[in-house]
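Listing of structure-v3.txt; format and content: compact mmCIF, C-alpha atoms.
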```
# COMPACT_ATOMS: atom_id res chain seq x y z
CA MET A 1 -1.61 -48.05 -10.60
CA PRO A 2 -4.32 -49.93 -8.72
CA PHE A 3 -7.67 -48.57 -7.71
CA ASN A 4 -9.16 -50.42 -4.76
CA LYS A 5 -12.84 -50.62 -3.99
CA LEU A 6 -13.93 -52.00 -0.65
CA HIS A 7 -17.51 -53.22 -0.43
CA VAL A 8 -18.16 -53.24 3.32
CA PRO A 9 -21.08 -53.63 5.74
CA GLN A 10 -22.77 -50.34 6.62
CA GLY A 11 -21.71 -50.58 10.26
CA LEU A 12 -18.01 -51.26 9.72
CA ALA A 13 -16.04 -48.46 11.36
CA ALA A 14 -14.25 -46.00 9.08
CA GLU A 15 -11.01 -46.74 10.95
CA THR A 16 -11.35 -50.44 10.11
CA CYS A 17 -11.96 -49.61 6.43
CA GLN A 18 -8.86 -47.40 6.43
CA ALA A 19 -6.81 -50.13 8.11
CA ILE A 20 -8.02 -52.72 5.57
CA ASN A 21 -7.07 -50.45 2.69
CA GLU A 22 -3.66 -49.62 4.20
CA GLU A 23 -2.90 -53.33 4.55
CA LEU A 24 -4.17 -53.97 1.02
CA HIS A 25 -1.99 -51.19 -0.38
CA GLU A 26 1.10 -52.43 1.47
CA SER A 27 0.42 -55.91 0.16
CA LEU A 28 0.15 -54.63 -3.42
CA VAL A 29 3.46 -52.80 -3.02
CA GLU A 30 5.13 -55.87 -1.52
CA THR A 31 3.78 -58.60 -3.82
CA CYS A 32 2.97 -56.84 -7.09
CA SER A 33 5.59 -54.07 -7.30
CA VAL A 34 2.98 -51.33 -7.11
CA ASN A 35 4.33 -47.80 -6.73
CA PRO A 36 3.82 -46.76 -3.08
CA GLU A 37 2.49 -43.39 -4.33
CA ASP A 38 -0.32 -45.07 -6.32
CA HIS A 39 -2.82 -45.16 -3.49
CA PHE A 40 -6.49 -44.91 -4.47
CA CYS A 41 -9.53 -46.40 -2.75
CA LEU A 42 -13.30 -46.05 -2.64
CA VAL A 43 -15.35 -47.51 0.20
CA ALA A 44 -18.85 -48.63 -0.81
CA ARG A 45 -21.13 -49.55 2.08
CA TYR A 46 -23.96 -52.04 1.88
CA GLN A 47 -27.01 -52.38 4.11
CA PRO A 48 -27.76 -55.56 6.07
CA GLY A 49 -29.37 -58.03 3.67
CA ASP A 50 -27.78 -56.43 0.59
CA MET A 51 -24.85 -58.86 0.38
CA LEU A 52 -26.20 -61.85 -1.47
CA LEU A 53 -23.62 -64.60 -1.61
CA HIS A 54 -23.31 -68.27 -0.90
CA PRO A 55 -22.07 -68.41 2.71
CA THR A 56 -20.03 -71.62 2.26
CA PHE A 57 -18.70 -71.44 -1.32
CA LEU A 58 -14.96 -72.31 -1.02
CA GLY A 59 -15.06 -71.50 2.70
CA ASN A 60 -17.39 -70.29 5.44
CA ARG A 61 -18.26 -66.63 5.75
CA ASP A 62 -20.86 -64.35 7.28
CA PRO A 63 -22.73 -62.56 4.46
CA GLU A 64 -23.49 -59.66 6.80
CA ALA A 65 -19.83 -59.16 7.75
CA THR A 66 -18.09 -59.95 4.46
CA VAL A 67 -15.84 -57.41 2.80
CA VAL A 68 -15.39 -57.67 -0.96
CA ILE A 69 -12.05 -56.27 -2.10
CA GLU A 70 -12.08 -55.25 -5.75
CA ILE A 71 -8.71 -54.31 -7.25
CA ALA A 72 -8.37 -52.74 -10.69
CA LEU A 73 -4.76 -52.64 -11.81
CA LEU A 74 -2.55 -52.64 -14.85
CA GLU A 75 -2.10 -56.04 -16.44
CA GLY A 76 1.15 -57.91 -16.28
CA ARG A 77 1.32 -59.67 -12.90
CA THR A 78 2.09 -63.36 -12.88
CA ASP A 79 -0.22 -65.97 -11.39
CA GLU A 80 2.36 -66.43 -8.64
CA GLN A 81 2.25 -62.71 -7.78
CA LYS A 82 -1.54 -62.83 -7.64
CA GLU A 83 -1.54 -65.90 -5.38
CA ASN A 84 1.01 -64.20 -3.12
CA LEU A 85 -1.16 -61.09 -3.05
CA PHE A 86 -4.26 -63.03 -1.99
CA LYS A 87 -2.39 -64.83 0.79
CA ASN A 88 -0.60 -61.69 1.93
CA VAL A 89 -3.80 -59.65 2.12
CA ARG A 90 -5.56 -62.33 4.15
CA ASN A 91 -2.62 -62.59 6.55
CA ARG A 92 -2.63 -58.82 6.95
CA LEU A 93 -6.39 -58.76 7.57
CA ALA A 94 -5.94 -61.30 10.34
CA SER A 95 -3.11 -59.21 11.82
CA ILE A 96 -5.48 -56.25 12.31
CA GLY A 97 -8.16 -58.45 13.87
CA PHE A 98 -10.41 -58.81 10.82
CA ASP A 99 -11.66 -62.34 10.14
CA ALA A 100 -9.95 -63.13 6.82
CA ASN A 101 -12.63 -65.77 6.17
CA ASN A 102 -15.03 -62.86 5.70
CA SER A 103 -13.16 -61.51 2.69
CA ILE A 104 -13.51 -62.03 -1.03
CA ILE A 105 -10.77 -60.57 -3.24
CA PHE A 106 -10.81 -60.18 -6.99
CA LEU A 107 -8.67 -58.47 -9.62
CA LEU A 108 -9.67 -56.61 -12.76
CA GLU A 109 -6.69 -56.11 -15.05
CA ASN A 110 -6.47 -53.53 -17.81
CA SER A 111 -4.00 -51.43 -19.81
CA PRO A 112 -2.76 -47.80 -19.61
CA ALA A 113 -5.31 -46.89 -22.32
CA ASP A 114 -8.08 -47.76 -19.82
CA TRP A 115 -7.12 -45.10 -17.22
CA SER A 116 -7.46 -41.32 -17.27
CA PHE A 117 -6.51 -38.90 -14.50
CA SER A 118 -6.62 -35.63 -16.43
CA PRO A 119 -8.32 -33.83 -19.33
CA ALA A 120 -5.24 -34.71 -21.42
CA GLY A 121 -6.57 -38.22 -21.98
CA SER A 122 -5.54 -41.74 -21.05
CA VAL A 123 -2.44 -42.57 -19.06
CA LYS A 124 -1.10 -44.17 -22.24
CA SER A 125 -1.36 -40.97 -24.24
CA VAL A 126 -0.27 -38.63 -21.43
CA LEU A 127 2.85 -40.68 -20.68
CA GLY A 128 3.48 -41.49 -24.34
CA LEU A 129 3.38 -45.22 -23.79
```
The structure given in the file should be rewritten as structure tokens.
Amino acid sequence: MPFNKLHVPQGLAAETCQAINEELHESLVETCSVNPEDHFCLVARYQPGDMLLHPTFLGNRDPEATVVIEIALLEGRTDEQKENLFKNVRNRLASIGFDANNSIIFLLENSPADWSFSPAGSVKSVLGL
């Protein structure tokens, strides 16, 4: 049950954002056994000059073209699955013409008690986990 947040430059086309998220979702399904129906994303746009990052930390990137991919998902994936996810996402970004060097990906893991989709409470309590 991931929730993706894409931090993207203000001028990045909506179609490109949608393509990035589709590739991200497919990668999560393929590498981390995510349910194909669990498809949630928020696109957060930043203005030129608002992305403050070191342009050469562990690679070269353009701070004004960088997309930060934030993934919140249930804990339990192995380090190998996470490494495969990172590689798979970058390969998919390149396949749609997005410079994978201009991407930063990070995961935030949590438990079913940390999610709520209804007034009934957390996913843990609703599903009786």
Just the number, please: distance in Å from atom CA of Val8 of chain A to atom CA of Asp62 of chain A, one decimal. 12.1 Å
Write out as JSON lines a residue-level contact list of segment 5-29 of chain A versus segment 68-84 of chain A with cut-off 10 Å: for each qualifying residue the closest pair of atoms and the distance in Å to one decimal, counting all atoms listed in the file, rows sorted by chain and residue number upward.
```
{"residue": "A:Lys5", "atom": "CA", "partner": "A:Glu70", "partner_atom": "CA", "distance": 5.0}
{"residue": "A:Leu6", "atom": "CA", "partner": "A:Ile69", "partner_atom": "CA", "distance": 4.9}
{"residue": "A:His7", "atom": "CA", "partner": "A:Val68", "partner_atom": "CA", "distance": 5.0}
{"residue": "A:Val8", "atom": "CA", "partner": "A:Val68", "partner_atom": "CA", "distance": 6.8}
{"residue": "A:Pro9", "atom": "CA", "partner": "A:Val68", "partner_atom": "CA", "distance": 9.7}
{"residue": "A:Ile20", "atom": "CA", "partner": "A:Ile69", "partner_atom": "CA", "distance": 9.4}
{"residue": "A:Asn21", "atom": "CA", "partner": "A:Ile69", "partner_atom": "CA", "distance": 9.0}
{"residue": "A:Leu24", "atom": "CA", "partner": "A:Ile69", "partner_atom": "CA", "distance": 8.8}
{"residue": "A:Ser27", "atom": "CA", "partner": "A:Asn84", "partner_atom": "CA", "distance": 8.9}
{"residue": "A:Leu28", "atom": "CA", "partner": "A:Lys82", "partner_atom": "CA", "distance": 9.4}
```
Those residues you just picked out, can you put them in a file as an mmCIF file, in the coordinates of the input with C-alpha atoms?
```cif
data_model
loop_
_atom_site.group_PDB
_atom_site.id
_atom_site.type_symbol
_atom_site.label_atom_id
_atom_site.label_comp_id
_atom_site.auth_asym_id
_atom_site.auth_seq_id
_atom_site.Cartn_x
_atom_site.Cartn_y
_atom_site.Cartn_z
ATOM 1 C CA LYS A 5 -12.840 -50.620 -3.990
ATOM 2 C CA LEU A 6 -13.930 -52.000 -0.650
ATOM 3 C CA HIS A 7 -17.510 -53.220 -0.430
ATOM 4 C CA VAL A 8 -18.160 -53.240 3.320
ATOM 5 C CA PRO A 9 -21.080 -53.630 5.740
ATOM 6 C CA ILE A 20 -8.020 -52.720 5.570
ATOM 7 C CA ASN A 21 -7.070 -50.450 2.690
ATOM 8 C CA LEU A 24 -4.170 -53.970 1.020
ATOM 9 C CA SER A 27 0.420 -55.910 0.160
ATOM 10 C CA LEU A 28 0.150 -54.630 -3.420
#
```
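Between Trp115 of chain A and the residues A:Asp99, A:Glu22, A:Leu127, A:Met51, the shortest atom-to-atom distance, using only C-alpha atoms, involves A:Leu127.
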Residues near Ala65 of chain A, cut-off 12 Å, all atoms listed in the file, skip fewer than 6 positions along chain, as a list of chain:residue names: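 After dropping sequence-adjacent residues, the list is A:His7, A:Val8, A:Pro9, A:Gln10, A:Gly11, A:Leu12, A:Ala13, A:Arg45, A:Tyr46, A:Gln47, A:Pro48, A:Gly49, A:Asp50, A:Met51, A:Leu52, A:Leu53, A:Pro55, A:Phe98, A:Asp99, A:Ala100, A:Asn101, A:Asn102, A:Ser103, A:Ile104.
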Quick one: of A:Ser116, A:Thr66, A:Asn88, A:Thr16, who's nearest to Glu30 of chain A, counting only C-alpha atoms? A:Asn88
Nearest to Met1 of chain A, chosen from A:Gly128, A:Pro112, A:Gly97, A:Pro119, with all atoms listed in the file counted in the distances: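 Closest candidate: A:Pro112.
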Just the number, please: distance in Å from atom CA of Asn110 of chain A to atom CA of Leu129 of chain A, one decimal.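 Computed distance, atom CA of Asn110 of chain A to atom CA of Leu129 of chain A, equals 14.2 Å.
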Which distance in Å separates atom CA of Phe3 of chain A and atom CA of Phe40 of chain A, to one decimal?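 Answer for the atom CA of Phe3 of chain A to atom CA of Phe40 of chain A separation: 5.0 Å.
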Would you mind telling me which residue in A:Leu108, A:Lys124, A:Pro2, A:Gly59 lies nearest to Pro36 of chain A when using only C-alpha atoms? A:Pro2
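Restricting the calculation to all atoms listed in the file, the smallest distance between Cys32 of chain A and any of A:Val123, A:Leu85, A:Leu107, A:Leu93 is found for A:Leu85.
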Regenerate segment 69-84 of chain A at the level of N, CA and C atoms and dump it as a PDB file, keeping the file's coordinate frame.
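Below you can see rebuild_36.pdb, which holds the result:
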```pdb
ATOM      1  N   ILE A  69     -13.173 -57.128  -1.710  1.00  0.00           N
ATOM      2  CA  ILE A  69     -12.050 -56.270  -2.100  1.00  0.00           C
ATOM      3  C   ILE A  69     -11.880 -56.395  -3.608  1.00  0.00           C
ATOM      4  N   GLU A  70     -12.161 -55.307  -4.287  1.00  0.00           N
ATOM      5  CA  GLU A  70     -12.080 -55.250  -5.750  1.00  0.00           C
ATOM      6  C   GLU A  70     -10.852 -54.419  -6.105  1.00  0.00           C
ATOM      7  N   ILE A  71      -9.954 -54.995  -6.892  1.00  0.00           N
ATOM      8  CA  ILE A  71      -8.710 -54.310  -7.250  1.00  0.00           C
ATOM      9  C   ILE A  71      -8.635 -54.199  -8.770  1.00  0.00           C
ATOM     10  N   ALA A  72      -8.617 -52.977  -9.263  1.00  0.00           N
ATOM     11  CA  ALA A  72      -8.370 -52.740 -10.690  1.00  0.00           C
ATOM     12  C   ALA A  72      -6.919 -52.300 -10.815  1.00  0.00           C
ATOM     13  N   LEU A  73      -6.157 -52.999 -11.658  1.00  0.00           N
ATOM     14  CA  LEU A  73      -4.760 -52.640 -11.810  1.00  0.00           C
ATOM     15  C   LEU A  73      -4.260 -52.980 -13.209  1.00  0.00           C
ATOM     16  N   LEU A  74      -3.130 -52.386 -13.540  1.00  0.00           N
ATOM     17  CA  LEU A  74      -2.550 -52.640 -14.850  1.00  0.00           C
ATOM     18  C   LEU A  74      -2.166 -54.104 -14.986  1.00  0.00           C
ATOM     19  N   GLU A  75      -2.422 -54.641 -16.158  1.00  0.00           N
ATOM     20  CA  GLU A  75      -2.100 -56.040 -16.440  1.00  0.00           C
ATOM     21  C   GLU A  75      -0.606 -56.279 -16.370  1.00  0.00           C
ATOM     22  N   GLY A  76      -0.254 -57.549 -16.219  1.00  0.00           N
ATOM     23  CA  GLY A  76       1.150 -57.910 -16.280  1.00  0.00           C
ATOM     24  C   GLY A  76       1.670 -58.683 -15.082  1.00  0.00           C
ATOM     25  N   ARG A  77       0.856 -58.890 -14.050  1.00  0.00           N
ATOM     26  CA  ARG A  77       1.320 -59.670 -12.900  1.00  0.00           C
ATOM     27  C   ARG A  77       1.199 -61.150 -13.216  1.00  0.00           C
ATOM     28  N   THR A  78       2.122 -61.916 -12.675  1.00  0.00           N
ATOM     29  CA  THR A  78       2.090 -63.360 -12.880  1.00  0.00           C
ATOM     30  C   THR A  78       1.049 -63.996 -11.965  1.00  0.00           C
ATOM     31  N   ASP A  79       0.686 -65.231 -12.270  1.00  0.00           N
ATOM     32  CA  ASP A  79      -0.220 -65.970 -11.390  1.00  0.00           C
ATOM     33  C   ASP A  79       0.380 -66.106 -10.002  1.00  0.00           C
ATOM     34  N   GLU A  80       1.684 -66.305  -9.933  1.00  0.00           N
ATOM     35  CA  GLU A  80       2.360 -66.430  -8.640  1.00  0.00           C
ATOM     36  C   GLU A  80       2.229 -65.134  -7.826  1.00  0.00           C
ATOM     37  N   GLN A  81       2.418 -63.986  -8.478  1.00  0.00           N
ATOM     38  CA  GLN A  81       2.250 -62.710  -7.780  1.00  0.00           C
ATOM     39  C   GLN A  81       0.828 -62.557  -7.254  1.00  0.00           C
ATOM     40  N   LYS A  82      -0.133 -62.951  -8.055  1.00  0.00           N
ATOM     41  CA  LYS A  82      -1.540 -62.830  -7.640  1.00  0.00           C
ATOM     42  C   LYS A  82      -1.835 -63.742  -6.459  1.00  0.00           C
ATOM     43  N   GLU A  83      -1.344 -64.976  -6.500  1.00  0.00           N
ATOM     44  CA  GLU A  83      -1.540 -65.900  -5.380  1.00  0.00           C
ATOM     45  C   GLU A  83      -0.892 -65.342  -4.116  1.00  0.00           C
ATOM     46  N   ASN A  84       0.326 -64.805  -4.271  1.00  0.00           N
ATOM     47  CA  ASN A  84       1.010 -64.200  -3.120  1.00  0.00           C
ATOM     48  C   ASN A  84       0.228 -63.007  -2.584  1.00  0.00           C
TER      49      ASN A  84
END
```
